[in-house]
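Engineer: Can you read through this structure? Questions will come right after.
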Amino acid sequence: MIEQYIMSVFIYVCIYIILTLSLNISLGYTGLINLGHIALFGIGAYSSTLLMMNLDLPFIISFLSAGIITSLFGLLLVFATKKLKGDYFALATLGFSFVIYSLLLNLVGLTRGPLGIPGIPKPSFFGITLTTTFSYLLFAIFITALCVFIIYKIVHSPFGRLLQATRDDEIGLRVLGKNTNLLKYKSMMISAFFAAIAGSLFAHYITFIDPTSFVLHEVILLLTMVIVGGIASFKGSIIAPFIIILIPELLRFLSIPSAILGPMRQIIYAFILLLILYYKPRGLFGRVDLA
Amino acid sequence: MKQNLIKQNLITIKNLKKSFGGINALDNCSLEIKKNKITAIIGPNGSGKSTLFHAISHLISADSGEIYLDENEISPNMPDYWIASLGIARTFQDARLFRNLTIQDHLEIALSQNDDSLLKSLFGKKENFDEKIKEILHLVGLNKPLNTLATDLSYGQRKLLDLAAAIAKPHSIMLLDEPVAGVNPVLRNEIKHILKELHKKGETIVIIEHDMNFIMDLVDYIYVFDYGAVIAEGIPKEIQDNKKVLEAYLGD
Ligand SMILES: Nc1ncnc2c1ncn2[C@@H]1O[C@H](COP(=O)(O)OP(=O)(O)OP(=O)(O)O)[C@@H](O)[C@H]1O
Ligand SMILES: [Mg+2]
């Protein structure tokens, strides 16, 4: 039983590594204050689920299509707000989260609204179905490693460097002949694609999703991970999810009643965040200076 | 005849107007930038010099008037990055650098033509600019390690990196907005030397500068701005003795 529990914690760590890295693409590397990432995560989870359950598509197809659909939502988000800068863009992405949440809640015909969708099938491919937690953990590790590799390649490429230049001085980059709007669209699409991969990994693991998993305040946890790891820090995005997820999980072993456990967890997040902001404002591994 | 004149010009500005609220930053401004020459724009604070550069590079849109690059009128709707890719390189009064990127990053970004494509960036042949970068840094005399972050550079070094990036960016003309403002006298002379070198190579340069002494033995032609319009023009000698110019400067 305890092994099951530990494995499941590590599956969450995998999901959050992909989420943190993908959020860092838009937020950290490109400087788009994207507070809508949790909505993109939700769109990914729902897309993959619905494609597989309603259209009977194979898992791999649903999984990848969810990425593509979600990246189109990411494009929509950044295209619709292209005239907005900084804080206003942040507010718009916040609005996007609300809209997606209420759509998930109210498009009952499609999403079953507050009832959620139970019985999401486990991934299967090449005649194998991932029924055990262990097999799912292996799958999650494999997908995470693949995502880490691809995102590493992207952010360390000349293209990734242009994303950072967009963050540091957009006008300065435009006068060098680079279309920063297009760079932002691409950044957001990539960011959304990987958010969807995480969403799909989440949905097919817990096999039940409802809108509450994707409410706005969930984004706080994600932002905490990005900030603790460091803005635009690749290493930080991988290590922070371990810290942020594992520390509160350790509480379970102190036989604390579950009524206290929930709030306690929030307090710990807040505490870690405050410590980091006070002692290491750029995060554990961050070096980016956002003056 | 008129057509011929335009042919020698790299940039031709006709009756450019731009007002901010009640202020006419550019007021029927007309001028011509000749190929392979250094042209200076001088004038008191707030006379519209930077606004002219912003209008040419479409960072602001002029209210009316025409801008020609070579013989072609630039459409007012053309986006700024597109203007840049037509061959206009520029610097800013306050250097606009990417604070978390290195010297090498800056120059590679300026030199590269296809880094904005993700696919080319991931799977294409890696572009090698090492020789070019060495050459440009040698020219501007910025001898710091290539991996120095922009944020760690001194004021003067930032000016040099900004200039280096403008040189690196493929261009047919360079617009330099006060490249020596706030720079110590030694570096001032070095920058003057760099500009003379560029002149020798046949570059077309427009330079905004307050200090008459700096430009007297450097430039081929001078436009004097006041209240957004050209109040005098000529070769340095003519400007030196021009009454109107002295009034514009001293009258303030
Ligand atoms: N974005 C803006 N909004 C409002 N007013 C502006 C703006 N940009 C410039 N101005 C005004 O337009 C006028 C011309 O400004 P500009 O910066 O072109 O002058 P300048 O000749 O470059 O001066 P300086 O030598 O101080 O750099 C000034 O009165 C300035 O206050
Ligand atoms: Mg100015």
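Letters A, B, ... mark the chains of the structure tokens in the order given; residue numbers begin at 1 per chain; ligand numbers begin at 1, in order shown.
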Show me which residues line ligand 2, defined as having an atom within 8 Å of a ligand atom where only C-alpha atoms and all ligand atoms count, and present them as a PyMOL selection string.

Structural biologist: chain B and resi 45-46+48-51+93+177-178+208

Engineer: When the cut-off is 6 Å and we count only C-alpha atoms, which residues of chain A are near chain B, given as a list in words?

Structural biologist: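 On the chain A side, the interface is Pro158, Phe159, Ala165, Asp168, Asp169, Gly172, Arg174, Val175, Leu176, Gly177, Lys178 and Asn179 of chain A.
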
Engineer: With only C-alpha atoms as the counted atoms, please give the residues lying no more than 10 Å from Ala145 in chain A, apart from itself and same-chain residues fewer than 6 positions off, as JSON, numbers by chain.

Structural biologist: {"A": [14, 17, 18, 139, 151]}

Engineer: Output C-alpha atoms of each residue in that selection to a file, as an mmCIF file, in the first residue's frame.

Structural biologist:
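Written file, part.cif:
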data_model
loop_
_atom_site.group_PDB
_atom_site.id
_atom_site.type_symbol
_atom_site.label_atom_id
_atom_site.label_comp_id
_atom_site.auth_asym_id
_atom_site.auth_seq_id
_atom_site.Cartn_x
_atom_site.Cartn_y
_atom_site.Cartn_z
ATOM 1 C CA CYS A 14 6.263 14.119 -13.032
ATOM 2 C CA ILE A 17 7.641 18.994 -13.656
ATOM 3 C CA ILE A 18 6.049 19.174 -17.103
ATOM 4 C CA PHE A 139 5.103 5.754 -18.513
ATOM 5 C CA ILE A 151 11.953 21.710 -23.808
#

Engineer: Write out as a PyMOL selection string the residues lying within 9 Å of Ser71 in chain A, counting only C-alpha atoms and excluding same-chain residues fewer than 4 positions away.

Structural biologist: chain A and resi 40+66-67+75-76+188-196

Engineer: Taking the chain letters and numbering used in this document, name the residues of range 119-209 of chain A that DSSP puts in alpha helix (DSSP H), as JSON, numbers by chain.

Structural biologist: {"A": [133, 134, 135, 136, 137, 138, 139, 140, 141, 142, 143, 144, 145, 146, 147, 148, 149, 150, 151, 152, 153, 154, 155, 158, 159, 160, 161, 162, 163, 164, 165, 166, 167, 168, 170, 171, 172, 173, 174, 180, 181, 182, 183, 184, 185, 186, 187, 188, 189, 190, 191, 192, 193, 194, 195, 196, 197, 198, 199, 200, 201, 202, 203, 204, 205, 206]}

Engineer: Could you pull the residues within 12 Å of Ile239 in chain A, counting only C-alpha atoms, minus those fewer than 6 positions along the same chain, as an NGL selection string?

Structural biologist: :A and (13-14 or 16-18 or 20-21 or 225-230 or 233 or 245-246 or 283-286)

Engineer: Store the residues of this selection in a file with C-alpha atoms, as a CSV table (one decimal), in the first residue's frame.

Structural biologist:
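result-v1.csv written:
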chain,number,residue,atom,x,y,z
A,13,VAL,CA,5.9,15.1,-9.4
A,14,CYS,CA,6.3,14.1,-13.0
A,16,TYR,CA,4.2,19.0,-12.1
A,17,ILE,CA,7.6,19.0,-13.7
A,18,ILE,CA,6.0,19.2,-17.1
A,20,THR,CA,6.4,24.0,-14.3
A,21,LEU,CA,8.7,23.7,-17.3
A,225,MET,CA,7.0,26.1,-8.2
A,226,VAL,CA,8.2,28.5,-10.9
A,227,ILE,CA,9.3,31.1,-8.4
A,228,VAL,CA,10.9,28.6,-6.0
A,229,GLY,CA,12.9,27.1,-8.9
A,230,GLY,CA,13.6,30.4,-10.5
A,233,SER,CA,15.6,28.4,-14.7
A,245,ILE,CA,5.2,18.3,-3.5
A,246,LEU,CA,7.3,16.1,-1.3
A,283,GLY,CA,14.6,31.4,-6.8
A,284,LEU,CA,16.9,28.5,-5.9
A,285,PHE,CA,18.5,28.3,-9.4
A,286,GLY,CA,17.3,31.5,-11.0

Engineer: By how many Å are atom 29 (O, counted along the ligand's line) of ligand 1 and CA of Ala248 in chain B apart?

Structural biologist: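 Answer for the atom 29 (O, counted along the ligand's line) of ligand 1 to CA of Ala248 in chain B separation: 14.9 Å.
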
Engineer: As a PyMOL selection string, please: the residues near range 180-193 of chain B (cut-off 7 Å, only C-alpha atoms, same-chain neighbours under 3 positions excluded).

Structural biologist: chain B and resi 156+196-197

Engineer: With the cut-off set at 10 Å and counting only C-alpha atoms, tabulate each residue of range 138-248 of chain A with an atom at most that distance from an atom of range 123-131 of chain A, showing the nearest atom pair and its distance in Å to one decimal, ordered by chain and increasing number, as JSON lines.

Structural biologist:
{"residue": "A:Leu138", "atom": "CA", "partner": "A:Leu130", "partner_atom": "CA", "distance": 9.5}
{"residue": "A:Phe139", "atom": "CA", "partner": "A:Leu130", "partner_atom": "CA", "distance": 8.2}
{"residue": "A:Ser200", "atom": "CA", "partner": "A:Pro123", "partner_atom": "CA", "distance": 9.8}
{"residue": "A:Leu201", "atom": "CA", "partner": "A:Pro123", "partner_atom": "CA", "distance": 9.0}
{"residue": "A:His204", "atom": "CA", "partner": "A:Pro123", "partner_atom": "CA", "distance": 6.5}
{"residue": "A:Tyr205", "atom": "CA", "partner": "A:Pro123", "partner_atom": "CA", "distance": 8.4}

Engineer: Take the residues from that selection and write them out as an mmCIF file, in the first residue's frame, keeping all heavy atoms.

Structural biologist:
data_model
loop_
_atom_site.group_PDB
_atom_site.id
_atom_site.type_symbol
_atom_site.label_atom_id
_atom_site.label_comp_id
_atom_site.auth_asym_id
_atom_site.auth_seq_id
_atom_site.Cartn_x
_atom_site.Cartn_y
_atom_site.Cartn_z
ATOM 1 N N LEU A 138 6.193 4.335 -14.741
ATOM 2 C CA LEU A 138 7.222 4.213 -15.780
ATOM 3 C C LEU A 138 6.852 5.063 -16.997
ATOM 4 O O LEU A 138 7.693 5.775 -17.559
ATOM 5 C CB LEU A 138 7.389 2.746 -16.205
ATOM 6 C CG LEU A 138 8.037 1.827 -15.181
ATOM 7 C CD1 LEU A 138 8.225 0.428 -15.773
ATOM 8 C CD2 LEU A 138 9.369 2.401 -14.709
ATOM 9 N N PHE A 139 5.575 4.983 -17.370
ATOM 10 C CA PHE A 139 5.103 5.754 -18.513
ATOM 11 C C PHE A 139 5.279 7.250 -18.242
ATOM 12 O O PHE A 139 5.797 8.002 -19.082
ATOM 13 C CB PHE A 139 3.626 5.418 -18.764
ATOM 14 C CG PHE A 139 2.994 6.231 -19.857
ATOM 15 C CD1 PHE A 139 3.411 6.108 -21.163
ATOM 16 C CD2 PHE A 139 1.950 7.118 -19.560
ATOM 17 C CE1 PHE A 139 2.821 6.865 -22.171
ATOM 18 C CE2 PHE A 139 1.358 7.868 -20.554
ATOM 19 C CZ PHE A 139 1.795 7.755 -21.868
ATOM 20 N N SER A 200 -3.220 15.616 -19.797
ATOM 21 C CA SER A 200 -3.605 14.287 -20.257
ATOM 22 C C SER A 200 -3.025 13.213 -19.335
ATOM 23 O O SER A 200 -3.707 12.269 -18.939
ATOM 24 C CB SER A 200 -3.100 14.116 -21.694
ATOM 25 O OG SER A 200 -3.433 12.861 -22.167
ATOM 26 N N LEU A 201 -1.760 13.416 -18.967
ATOM 27 C CA LEU A 201 -1.113 12.477 -18.048
ATOM 28 C C LEU A 201 -1.887 12.409 -16.717
ATOM 29 O O LEU A 201 -2.051 11.352 -16.131
ATOM 30 C CB LEU A 201 0.318 12.983 -17.790
ATOM 31 C CG LEU A 201 1.439 11.987 -17.570
ATOM 32 C CD1 LEU A 201 1.439 10.903 -18.628
ATOM 33 C CD2 LEU A 201 2.781 12.723 -17.573
ATOM 34 N N HIS A 204 -5.658 10.646 -17.320
ATOM 35 C CA HIS A 204 -5.649 9.195 -17.517
ATOM 36 C C HIS A 204 -5.066 8.470 -16.312
ATOM 37 O O HIS A 204 -5.173 7.257 -16.210
ATOM 38 C CB HIS A 204 -4.889 8.829 -18.792
ATOM 39 C CG HIS A 204 -5.571 9.327 -20.029
ATOM 40 N ND1 HIS A 204 -6.630 8.671 -20.618
ATOM 41 C CD2 HIS A 204 -5.382 10.452 -20.754
ATOM 42 C CE1 HIS A 204 -7.047 9.361 -21.669
ATOM 43 N NE2 HIS A 204 -6.309 10.452 -21.776
ATOM 44 N N TYR A 205 -4.449 9.233 -15.428
ATOM 45 C CA TYR A 205 -3.978 8.586 -14.206
ATOM 46 C C TYR A 205 -5.096 8.511 -13.171
ATOM 47 O O TYR A 205 -5.425 7.432 -12.683
ATOM 48 C CB TYR A 205 -2.770 9.332 -13.617
ATOM 49 C CG TYR A 205 -2.381 8.742 -12.282
ATOM 50 C CD1 TYR A 205 -1.999 7.405 -12.197
ATOM 51 C CD2 TYR A 205 -2.448 9.497 -11.113
ATOM 52 C CE1 TYR A 205 -1.678 6.838 -10.980
ATOM 53 C CE2 TYR A 205 -2.125 8.930 -9.887
ATOM 54 C CZ TYR A 205 -1.744 7.594 -9.833
ATOM 55 O OH TYR A 205 -1.439 7.032 -8.624
#

Engineer: Do you know which residues are at most 9 Å from Tyr29 in chain A counting only C-alpha atoms, after dropping those on the same chain fewer than 6 positions away, and could you put them as a PyMOL selection string?

Structural biologist: chain A and resi 155+160-161+163-167+187+231-233

Engineer: Counting only C-alpha atoms, which of B:Leu161, B:Leu31, B:Lys14, B:Ile60 gets nearest to Glu73 in chain B?

Structural biologist: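 Closest residue, counting only C-alpha atoms: B:Lys14.
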